[in-house]
$ cat model-v4.cif   # mmCIF, C-alpha atoms and all ligand atoms
data_model
#
loop_
_atom_site.label_atom_id
_atom_site.label_comp_id
_atom_site.auth_asym_id
_atom_site.auth_seq_id
_atom_site.Cartn_x
_atom_site.Cartn_y
_atom_site.Cartn_z
CA MET A 8 -105.38 9.92 9.54
CA ALA A 9 -106.41 6.57 8.08
CA ILE A 10 -108.35 5.40 11.14
CA ASN A 11 -111.10 7.72 12.23
CA ALA A 12 -112.36 5.68 15.18
CA THR A 13 -111.66 5.58 18.90
CA VAL A 14 -109.52 2.58 19.80
CA GLY A 15 -109.28 1.28 23.36
CA ILE A 16 -106.48 -1.12 24.20
CA ILE A 17 -107.07 -3.25 27.29
CA GLY A 18 -103.58 -4.05 28.53
CA GLY A 19 -102.38 -0.97 26.64
CA ASN A 20 -99.65 -0.35 29.21
CA GLY A 21 -98.18 -3.81 28.61
CA TRP A 22 -95.46 -4.56 26.10
CA LEU A 23 -97.50 -5.36 22.98
CA GLY A 24 -100.44 -3.02 23.62
CA ASN A 25 -98.10 -0.12 24.23
CA THR A 26 -96.03 -1.03 21.15
CA MET A 27 -99.10 -1.21 18.89
CA ALA A 28 -100.39 2.13 20.16
CA SER A 29 -97.02 3.72 19.61
CA ALA A 30 -96.72 2.24 16.08
CA ALA A 31 -100.21 3.46 15.13
CA VAL A 32 -99.34 7.02 16.11
CA ALA A 33 -95.76 6.97 14.79
CA SER A 34 -96.94 5.70 11.39
CA GLY A 35 -99.58 8.41 11.17
CA VAL A 36 -102.40 5.86 10.98
CA MET A 37 -103.99 7.21 14.16
CA ASP A 38 -104.19 10.40 16.10
CA GLY A 39 -103.06 9.54 19.64
CA ARG A 40 -106.00 11.50 21.02
CA ARG A 41 -108.26 8.70 19.75
CA LEU A 42 -106.43 6.05 21.76
CA ILE A 43 -107.43 4.91 25.24
CA LEU A 44 -105.03 2.58 27.05
CA SER A 45 -105.92 0.63 30.16
CA GLY A 46 -103.84 -1.30 32.65
CA ARG A 47 -104.20 -2.78 36.08
CA THR A 48 -101.93 -0.09 37.48
CA ASP A 49 -101.24 3.57 36.67
CA ARG A 50 -98.04 2.56 34.88
CA ARG A 51 -98.24 3.99 31.36
CA GLY A 52 -96.00 1.60 29.45
CA ALA A 53 -92.43 1.99 28.30
CA LEU A 54 -93.24 4.14 25.25
CA ASP A 55 -94.92 7.50 25.45
CA VAL A 56 -97.98 7.58 23.17
CA PRO A 57 -98.57 11.28 22.51
CA GLY A 58 -102.17 12.33 23.10
CA ALA A 59 -103.39 8.96 24.45
CA THR A 60 -105.71 8.73 27.46
CA HIS A 61 -104.79 6.31 30.25
CA THR A 62 -107.28 4.63 32.55
CA ARG A 63 -107.67 1.69 34.94
CA ASN A 64 -111.38 1.50 34.16
CA ASN A 65 -112.11 -1.02 31.37
CA HIS A 66 -115.85 -0.28 31.38
CA GLU A 67 -115.15 3.37 30.67
CA LEU A 68 -112.66 2.36 27.96
CA VAL A 69 -115.19 0.08 26.24
CA ALA A 70 -118.00 2.65 26.47
CA LYS A 71 -115.86 5.33 24.79
CA SER A 72 -114.31 3.09 22.11
CA ASP A 73 -115.48 1.97 18.68
CA ILE A 74 -112.78 -0.70 18.59
CA VAL A 75 -111.51 -2.65 21.60
CA ILE A 76 -108.14 -4.39 21.43
CA LEU A 77 -107.59 -7.18 23.96
CA SER A 78 -103.89 -7.27 24.85
CA VAL A 79 -103.84 -8.92 28.26
CA ARG A 80 -102.05 -12.21 28.92
CA PRO A 81 -104.22 -15.23 28.01
CA GLU A 82 -104.31 -16.34 31.66
CA ASP A 83 -105.68 -12.91 32.69
CA PHE A 84 -108.56 -13.00 30.21
CA ALA A 85 -110.82 -15.03 32.51
CA ASP A 86 -110.77 -12.15 35.04
CA LEU A 87 -111.73 -9.56 32.45
CA HIS A 88 -115.43 -8.72 32.50
CA ILE A 89 -116.57 -6.40 29.72
CA ASP A 90 -119.62 -6.00 27.52
CA ALA A 91 -118.31 -5.23 24.05
CA SER A 92 -121.36 -6.52 22.17
CA ASP A 93 -121.57 -3.58 19.76
CA LYS A 94 -117.80 -3.17 19.22
CA LEU A 95 -115.20 -4.50 16.85
CA VAL A 96 -113.02 -6.58 19.17
CA ILE A 97 -109.44 -7.36 18.11
CA SER A 98 -107.58 -9.89 20.23
CA VAL A 99 -103.83 -10.40 20.10
CA MET A 100 -103.97 -13.03 22.85
CA ALA A 101 -102.25 -16.30 21.99
CA GLY A 102 -104.52 -19.33 22.10
CA VAL A 103 -107.79 -17.68 23.16
CA THR A 104 -110.46 -18.63 20.61
CA ALA A 105 -112.97 -16.34 18.92
CA GLN A 106 -115.70 -18.41 20.59
CA ASP A 107 -114.20 -17.72 24.06
CA ILE A 108 -114.02 -14.03 23.24
CA ALA A 109 -117.62 -13.98 22.01
CA THR A 110 -118.84 -15.81 25.11
CA ARG A 111 -117.03 -13.55 27.57
CA SER A 112 -117.46 -10.17 25.87
CA GLY A 113 -120.72 -10.54 23.91
CA ALA A 114 -118.90 -9.38 20.77
CA THR A 115 -119.96 -10.66 17.36
CA ARG A 116 -117.35 -8.78 15.32
CA ILE A 117 -114.10 -10.45 16.38
CA VAL A 118 -110.62 -10.44 14.90
CA ARG A 119 -107.74 -12.55 16.20
CA ALA A 120 -104.22 -11.43 15.31
CA ILE A 121 -100.71 -12.53 16.22
CA PRO A 122 -98.04 -9.83 15.95
CA ASN A 123 -94.45 -10.52 17.00
CA ALA A 124 -91.65 -8.78 18.85
CA ALA A 125 -90.48 -6.98 15.70
CA ALA A 126 -93.56 -4.76 16.07
CA SER A 127 -91.24 -2.63 18.20
CA ILE A 128 -89.30 -1.73 15.04
CA ARG A 129 -92.45 -1.88 12.89
CA HIS A 130 -91.34 -5.09 11.16
CA SER A 131 -93.88 -7.56 12.52
CA PHE A 132 -95.49 -9.92 10.01
CA THR A 133 -98.96 -10.11 11.57
CA PRO A 134 -101.52 -12.68 10.45
CA TRP A 135 -105.13 -11.91 11.38
CA PHE A 136 -108.42 -13.77 11.14
CA ALA A 137 -111.90 -12.22 11.10
CA THR A 138 -115.16 -13.90 12.12
CA PRO A 139 -118.05 -13.69 9.61
CA GLY A 140 -119.62 -10.67 11.40
CA VAL A 141 -116.61 -8.46 10.60
CA SER A 142 -117.36 -6.02 7.76
CA GLU A 143 -115.07 -5.06 4.88
CA ALA A 144 -114.73 -1.58 6.45
CA ASP A 145 -113.66 -3.21 9.75
CA LYS A 146 -111.13 -5.32 7.86
CA ARG A 147 -109.57 -2.27 6.25
CA ILE A 148 -109.03 -0.77 9.71
CA VAL A 149 -107.51 -4.01 11.00
CA GLN A 150 -105.13 -4.12 8.04
CA GLU A 151 -104.11 -0.48 8.66
CA LEU A 152 -103.45 -1.17 12.33
CA PHE A 153 -101.21 -4.13 11.62
CA ASP A 154 -99.51 -2.55 8.62
CA ALA A 155 -98.51 0.19 11.06
CA CYS A 156 -96.61 -2.54 12.99
CA GLY A 157 -95.04 -3.97 9.81
CA GLU A 158 -97.17 -6.08 7.51
CA GLY A 159 -100.66 -7.43 8.23
CA ALA A 160 -101.96 -10.49 6.36
CA GLU A 161 -105.47 -11.94 6.56
CA VAL A 162 -105.87 -15.70 6.99
CA LEU A 163 -109.21 -17.31 6.26
CA GLN A 164 -109.20 -20.05 8.90
CA GLU A 165 -108.97 -19.57 12.65
CA ALA A 166 -106.82 -22.72 12.87
CA HIS A 167 -104.16 -20.90 10.85
CA ILE A 168 -103.94 -18.20 13.50
CA ASP A 169 -103.39 -20.88 16.15
CA TYR A 170 -100.61 -22.28 13.98
CA CYS A 171 -99.05 -18.84 13.46
CA VAL A 172 -98.78 -18.28 17.23
CA GLY A 173 -95.79 -20.61 17.10
CA MET A 174 -94.40 -19.75 13.71
CA THR A 175 -94.66 -16.02 13.00
CA GLY A 176 -95.55 -15.08 16.59
CA SER A 177 -92.11 -16.16 17.74
CA GLY A 178 -90.71 -13.48 15.47
CA ALA A 179 -87.06 -12.73 16.09
CA ALA A 180 -86.66 -15.71 18.41
CA PHE A 181 -85.84 -18.24 15.69
CA PRO A 182 -83.24 -16.14 13.84
CA ALA A 183 -81.78 -15.27 17.26
CA LEU A 184 -81.50 -18.98 18.09
CA LEU A 185 -79.70 -19.64 14.80
CA ALA A 186 -77.33 -16.73 15.44
CA GLN A 187 -76.68 -18.00 18.97
CA ALA A 188 -75.77 -21.47 17.65
CA LEU A 189 -73.43 -20.05 14.99
CA GLN A 190 -71.80 -17.78 17.55
CA ALA A 191 -71.34 -20.56 20.11
CA HIS A 192 -69.70 -22.81 17.55
CA ALA A 193 -67.29 -20.08 16.41
CA VAL A 194 -66.31 -19.35 20.02
CA ALA A 195 -65.79 -23.08 20.66
CA GLN A 196 -63.37 -23.07 17.70
CA GLY A 197 -61.35 -20.33 19.42
CA LEU A 198 -62.57 -17.23 17.61
CA PRO A 199 -62.79 -14.09 19.76
CA ALA A 200 -66.27 -13.75 21.33
CA ALA A 201 -66.89 -10.21 20.08
CA PHE A 202 -65.92 -11.19 16.55
CA ALA A 203 -68.10 -14.33 16.69
CA ALA A 204 -71.09 -12.22 17.80
CA ARG A 205 -70.61 -9.77 14.92
CA ALA A 206 -70.10 -12.58 12.42
CA ALA A 207 -73.25 -14.46 13.51
CA LYS A 208 -75.33 -11.29 13.39
CA GLY A 209 -73.90 -10.59 9.93
CA VAL A 210 -74.98 -14.00 8.68
CA VAL A 211 -78.48 -13.93 10.15
CA ALA A 212 -79.44 -10.26 9.96
CA GLN A 213 -77.47 -9.11 6.91
CA ALA A 214 -77.14 -12.13 4.61
CA SER A 215 -80.87 -12.84 5.04
CA GLN A 216 -81.50 -9.65 3.05
CA LEU A 217 -80.67 -11.77 -0.01
CA PHE A 218 -83.84 -13.78 0.24
CA ALA A 219 -85.76 -10.82 1.65
CA ARG A 220 -85.08 -8.92 -1.58
CA GLU A 221 -84.70 -11.63 -4.17
CA ASP A 222 -87.69 -12.93 -6.08
CA SER A 223 -86.56 -16.47 -5.41
CA ASP A 224 -87.72 -18.23 -2.26
CA PRO A 225 -85.39 -19.55 0.47
CA GLY A 226 -85.82 -23.04 -0.97
CA ALA A 227 -84.31 -21.86 -4.25
CA ILE A 228 -81.31 -20.39 -2.45
CA VAL A 229 -80.73 -23.63 -0.52
CA ARG A 230 -81.07 -25.67 -3.71
CA LYS A 231 -78.64 -23.42 -5.60
CA MET A 232 -76.08 -23.71 -2.80
CA ILE A 233 -76.39 -27.51 -2.66
CA GLU A 234 -76.06 -27.75 -6.45
CA TYR A 235 -72.81 -25.71 -6.25
CA ARG A 236 -71.38 -28.70 -4.32
CA GLY A 237 -68.90 -26.63 -2.35
CA THR A 238 -68.35 -26.01 1.34
CA THR A 239 -71.82 -24.52 1.94
CA ALA A 240 -73.36 -27.63 0.40
CA ALA A 241 -71.35 -29.80 2.83
CA ALA A 242 -72.77 -27.84 5.78
CA LEU A 243 -76.33 -27.79 4.48
CA GLN A 244 -76.43 -31.45 3.51
CA THR A 245 -75.06 -32.53 6.91
CA MET A 246 -77.67 -30.42 8.73
CA LEU A 247 -80.46 -31.78 6.53
CA ASP A 248 -79.24 -35.37 6.94
CA GLN A 249 -79.43 -34.89 10.71
CA ASP A 250 -83.06 -33.86 10.31
CA PHE A 251 -82.84 -30.12 10.74
CA ASN A 252 -86.43 -29.90 9.44
CA ARG A 253 -87.69 -32.33 12.09
CA ILE A 254 -86.15 -30.25 14.89
CA ILE A 255 -87.86 -27.11 13.55
CA ALA A 256 -91.17 -28.96 13.17
CA SER A 257 -91.04 -30.34 16.70
CA GLY A 258 -90.47 -26.83 18.09
CA LEU A 259 -93.40 -25.43 16.13
CA ASP A 260 -95.60 -28.34 17.26
CA ALA A 261 -94.66 -27.62 20.88
CA ALA A 262 -95.64 -23.96 20.45
CA ALA A 263 -99.00 -24.99 18.99
CA ARG A 264 -99.63 -27.36 21.94
CA LYS A 265 -98.75 -24.59 24.38
CA ALA A 266 -101.10 -22.17 22.56
CA ALA A 267 -103.92 -24.71 22.75
CA SER A 268 -103.32 -25.17 26.47
CA LEU A 269 -103.53 -21.39 27.07
CA ALA A 270 -107.12 -21.42 25.90
CA LYS A 271 -108.17 -23.82 28.68
N1 LIG B 301 -95.06 -10.34 23.55
C1 LIG B 301 -95.20 -10.82 22.30
O1 LIG B 301 -94.25 -10.89 21.51
C2 LIG B 301 -96.55 -11.25 21.84
C3 LIG B 301 -97.63 -11.26 22.68
N2 LIG B 301 -98.85 -11.65 22.22
C4 LIG B 301 -99.99 -11.64 23.12
O2 LIG B 301 -100.22 -10.31 23.53
C5 LIG B 301 -100.79 -10.27 24.82
C6 LIG B 301 -100.04 -9.28 25.68
O3 LIG B 301 -98.71 -9.70 25.79
P1 LIG B 301 -97.57 -8.75 26.37
O4 LIG B 301 -97.84 -7.35 25.98
O5 LIG B 301 -96.29 -9.38 25.98
O6 LIG B 301 -97.80 -8.93 27.95
P2 LIG B 301 -97.62 -7.85 29.11
O7 LIG B 301 -97.63 -8.61 30.39
O8 LIG B 301 -96.46 -6.97 28.83
O9 LIG B 301 -98.93 -6.97 29.00
C7 LIG B 301 -100.17 -7.35 29.48
C8 LIG B 301 -100.75 -6.16 30.21
O10 LIG B 301 -102.10 -6.43 30.51
C9 LIG B 301 -102.40 -5.76 31.72
N3 LIG B 301 -103.63 -6.31 32.25
C10 LIG B 301 -103.86 -7.54 32.77
N4 LIG B 301 -105.14 -7.65 33.14
C11 LIG B 301 -105.73 -6.46 32.86
C12 LIG B 301 -107.03 -5.96 33.02
N5 LIG B 301 -108.02 -6.70 33.56
N6 LIG B 301 -107.30 -4.69 32.62
C13 LIG B 301 -106.32 -3.93 32.07
N7 LIG B 301 -105.06 -4.36 31.89
C14 LIG B 301 -104.77 -5.60 32.29
C15 LIG B 301 -101.17 -6.01 32.58
O11 LIG B 301 -101.10 -5.05 33.62
C16 LIG B 301 -100.06 -5.86 31.55
O12 LIG B 301 -99.57 -4.54 31.54
C17 LIG B 301 -100.73 -11.71 25.35
O13 LIG B 301 -102.02 -12.26 25.31
C18 LIG B 301 -99.81 -12.43 24.40
O14 LIG B 301 -100.21 -13.78 24.20
C19 LIG B 301 -99.06 -12.01 20.92
C20 LIG B 301 -98.03 -12.03 20.04
C21 LIG B 301 -96.68 -11.68 20.42
O1 LIG B 302 -94.35 -16.29 23.56
C1 LIG B 302 -95.52 -15.92 23.65
O2 LIG B 302 -96.32 -16.43 24.47
C2 LIG B 302 -96.03 -14.83 22.75
C3 LIG B 302 -97.41 -15.07 22.28
C4 LIG B 302 -97.31 -15.37 20.82
C5 LIG B 302 -95.93 -15.23 20.52
N1 LIG B 302 -95.25 -14.83 21.53
#

$ encode --input "model-v4.cif" --output "structure tokens"
Amino acid sequence: MAINATVGIIGGNGWLGNTMASAAVASGVMDGRRLILSGRTDRRGALDVPGATHTRNNHELVAKSDIVILSVRPEDFADLHIDASDKLVISVMAGVTAQDIATRSGATRIVRAIPNAAASIRHSFTPWFATPGVSEADKRIVQELFDACGEGAEVLQEAHIDYCVGMTGSGAAFPALLAQALQAHAVAQGLPAAFAARAAKGVVAQASQLFAREDSDPGAIVRKMIEYRGTTAAALQTMLDQDFNRIIASGLDAAARKAASLAK
């Protein structure tokens, strides 16, 4: 076992808390017997986490844990009263600042992280930020926890975590939106719906393996296709001319504004 500490997840019966607990055990990073999961009800979460203890008592969870993960909705954080002053506190809450967490929990060792929905298949790219009180040993544990959900990556500025709420935190939502648009257009052109769904998924989920595996970046692929000056170039150039990048940027800006408003 890579993590030899007791980890309590407040909100551990919710979607993300339950998913992270399950990933930690499934990956072999943690023994489930060292996990304590709390919720407001006795509901245990959709995934069984072998060995884990379940409780509704957050004070008991904090007292027994070396590491406390905050996985409640941002709007529920104000009602959470814990003293975690001597714990490593890891928050996955969107928008809630390290300063808010310090003020409300007394913690000085605070990490903020933003996983995404692909944690459920252990493919979440998860940025995390640590306050200065977090030790190198703490950081290794944080990295292990998020590698168990896919791939953890430290960022050195808290502002970058706030940005990532919208970008990486949205996870599969953006590729799904692209697939939905491709599918809708194909159906509008008279292609059978089931075929259009398969085709769109093939483009987004399968063809994207090219830039997932290749050394070149997506920009290089786009450039190469435009330089080929064929049919793909016609599609790409038209999308770019209609300010595809501006539409993406405005969506990401809206997510960042929403994240900032959650902290209020
Ligand atoms: N769902 C996602 O894809 C992502 C979610 N997040 C963040 O993760 C956090 C959790 O999100 P989800 O799991 O999606 O929400 P969720 O609603 O599924 O889970 C939250 C859980 O917290 C529990 N809870 C609320 N107050 C509590 C308390 N005082 N004590 C114990 N448990 C309490 C609720 O009963 C619920 O089960 C949120 O802050 C969200 O911003 C971050 C990145 C991605
Ligand atoms: O949509 C949401 O609010 C969650 C939090 C960060 C990303 N997804």

$ residues_near_ligand --input "model-v4.cif" --ligand "ligand LIG 301 (chain B)" --cutoff "6 Å" --atoms "only C-alpha atoms and all ligand atoms" --output "MDAnalysis selection string"
chainID A and resid 17:18 20:24 45:47 78:81 83 87 99:101 121:124 176

$ residues_around --input "model-v4.cif" --residues "A:Pro182" --least-positions-apart "6" --cutoff "10 Å" --atoms "all atoms listed in the file" --output "list of chain:residue names"
A:Ala188, A:Lys208, A:Val210, A:Val211, A:Ala212, A:Ser215

$ closest_residue --input "model-v4.cif" --among "A:Gly102, A:Pro199, A:Gly237, A:Pro134" --to "ligand LIG 302 (chain B)" --atoms "only C-alpha atoms and all ligand atoms"
A:Gly102

$ closest_residue --input "model-v4.cif" --among "A:Asn65, A:Thr239, A:Gln190, A:Ser268" --to "ligand LIG 302 (chain B)" --atoms "all atoms listed in the file"
A:Ser268

$ closest_residue --input "model-v4.cif" --among "A:Ala219, A:Val149, A:Ala120, A:Met246" --to "ligand LIG 302 (chain B)" --atoms "all atoms listed in the file"
A:Ala120

$ residues_around --input "model-v4.cif" --residues "stretch 153-167 of chain A" --least-positions-apart "3" --cutoff "9 Å" --atoms "all atoms listed in the file" --output "VMD selection string"
chain A and resid 26 to 27 30 to 36 104 to 105 119 to 120 122 125 to 138 146 148 to 150 170 to 172

$ closest_residue --input "model-v4.cif" --among "A:Ala263, A:Leu184, A:Ala206, A:Met37" --to "ligand LIG 302 (chain B)" --atoms "only C-alpha atoms and all ligand atoms"
A:Ala263

$ atom_distance --input "model-v4.cif" --atom1 "atom CA of A:Arg205" --atom2 "atom CA of A:Ser177"
22.6 Å

$ residues_around --input "model-v4.cif" --residues "A:Asp49" --least-positions-apart "6" --cutoff "10 Å" --atoms "all atoms listed in the file" --output "mmCIF file with C-alpha atoms, in the coordinates of the input"
data_model
loop_
_atom_site.group_PDB
_atom_site.id
_atom_site.type_symbol
_atom_site.label_atom_id
_atom_site.label_comp_id
_atom_site.auth_asym_id
_atom_site.auth_seq_id
_atom_site.Cartn_x
_atom_site.Cartn_y
_atom_site.Cartn_z
ATOM 1 C CA ASN A 20 -99.650 -0.350 29.210
ATOM 2 C CA HIS A 61 -104.790 6.310 30.250
ATOM 3 C CA THR A 62 -107.280 4.630 32.550
ATOM 4 C CA ARG A 63 -107.670 1.690 34.940
#

$ atom_distance --input "model-v4.cif" --atom1 "atom CA of A:Gly178" --atom2 "atom CA of A:Gly258"
13.6 Å

$ decode --input "model-v4.cif" --residues "stretch 13-55 of chain A" --atoms "C-alpha atoms" --output "PDB file, in the first residue's frame"
ATOM      1  CA  THR A  13      -6.135   7.088   7.608  1.00  0.00           C
ATOM      2  CA  VAL A  14      -8.144   9.133   5.133  1.00  0.00           C
ATOM      3  CA  GLY A  15     -11.565  10.530   5.993  1.00  0.00           C
ATOM      4  CA  ILE A  16     -13.748  11.778   3.160  1.00  0.00           C
ATOM      5  CA  ILE A  17     -16.482  14.208   4.198  1.00  0.00           C
ATOM      6  CA  GLY A  18     -19.160  13.753   1.565  1.00  0.00           C
ATOM      7  CA  GLY A  19     -17.690  10.305   0.895  1.00  0.00           C
ATOM      8  CA  ASN A  20     -21.105   8.926  -0.014  1.00  0.00           C
ATOM      9  CA  GLY A  21     -21.525  11.527  -2.759  1.00  0.00           C
ATOM     10  CA  TRP A  22     -20.503  11.013  -6.364  1.00  0.00           C
ATOM     11  CA  LEU A  23     -16.904  12.264  -6.322  1.00  0.00           C
ATOM     12  CA  GLY A  24     -15.992  11.240  -2.761  1.00  0.00           C
ATOM     13  CA  ASN A  25     -17.272   7.742  -3.358  1.00  0.00           C
ATOM     14  CA  THR A  26     -15.478   7.565  -6.721  1.00  0.00           C
ATOM     15  CA  MET A  27     -12.144   8.699  -5.242  1.00  0.00           C
ATOM     16  CA  ALA A  28     -12.422   6.186  -2.398  1.00  0.00           C
ATOM     17  CA  SER A  29     -13.219   3.420  -4.830  1.00  0.00           C
ATOM     18  CA  ALA A  30     -10.318   4.394  -7.137  1.00  0.00           C
ATOM     19  CA  ALA A  31      -7.847   4.485  -4.228  1.00  0.00           C
ATOM     20  CA  VAL A  32      -8.766   0.949  -3.205  1.00  0.00           C
ATOM     21  CA  ALA A  33      -9.116  -0.440  -6.742  1.00  0.00           C
ATOM     22  CA  SER A  34      -5.676   0.902  -7.712  1.00  0.00           C
ATOM     23  CA  GLY A  35      -4.087  -0.637  -4.633  1.00  0.00           C
ATOM     24  CA  VAL A  36      -2.954   2.756  -3.337  1.00  0.00           C
ATOM     25  CA  MET A  37      -5.003   2.355  -0.154  1.00  0.00           C
ATOM     26  CA  ASP A  38      -6.360  -0.376   2.025  1.00  0.00           C
ATOM     27  CA  GLY A  39     -10.103   0.284   2.298  1.00  0.00           C
ATOM     28  CA  ARG A  40      -9.902  -0.325   6.046  1.00  0.00           C
ATOM     29  CA  ARG A  41      -8.063   3.003   6.324  1.00  0.00           C
ATOM     30  CA  LEU A  42     -10.902   4.936   4.711  1.00  0.00           C
ATOM     31  CA  ILE A  43     -13.707   6.640   6.610  1.00  0.00           C
ATOM     32  CA  LEU A  44     -16.579   8.038   4.557  1.00  0.00           C
ATOM     33  CA  SER A  45     -19.182  10.427   5.913  1.00  0.00           C
ATOM     34  CA  GLY A  46     -22.489  11.627   4.564  1.00  0.00           C
ATOM     35  CA  ARG A  47     -25.564  13.406   5.801  1.00  0.00           C
ATOM     36  CA  THR A  48     -27.534  10.187   5.528  1.00  0.00           C
ATOM     37  CA  ASP A  49     -26.761   6.480   5.954  1.00  0.00           C
ATOM     38  CA  ARG A  50     -26.616   6.088   2.172  1.00  0.00           C
ATOM     39  CA  ARG A  51     -23.228   4.557   1.344  1.00  0.00           C
ATOM     40  CA  GLY A  52     -22.700   5.784  -2.200  1.00  0.00           C
ATOM     41  CA  ALA A  53     -23.160   4.004  -5.499  1.00  0.00           C
ATOM     42  CA  LEU A  54     -19.866   2.072  -5.354  1.00  0.00           C
ATOM     43  CA  ASP A  55     -19.005  -0.399  -2.648  1.00  0.00           C
TER      44      ASP A  55
END
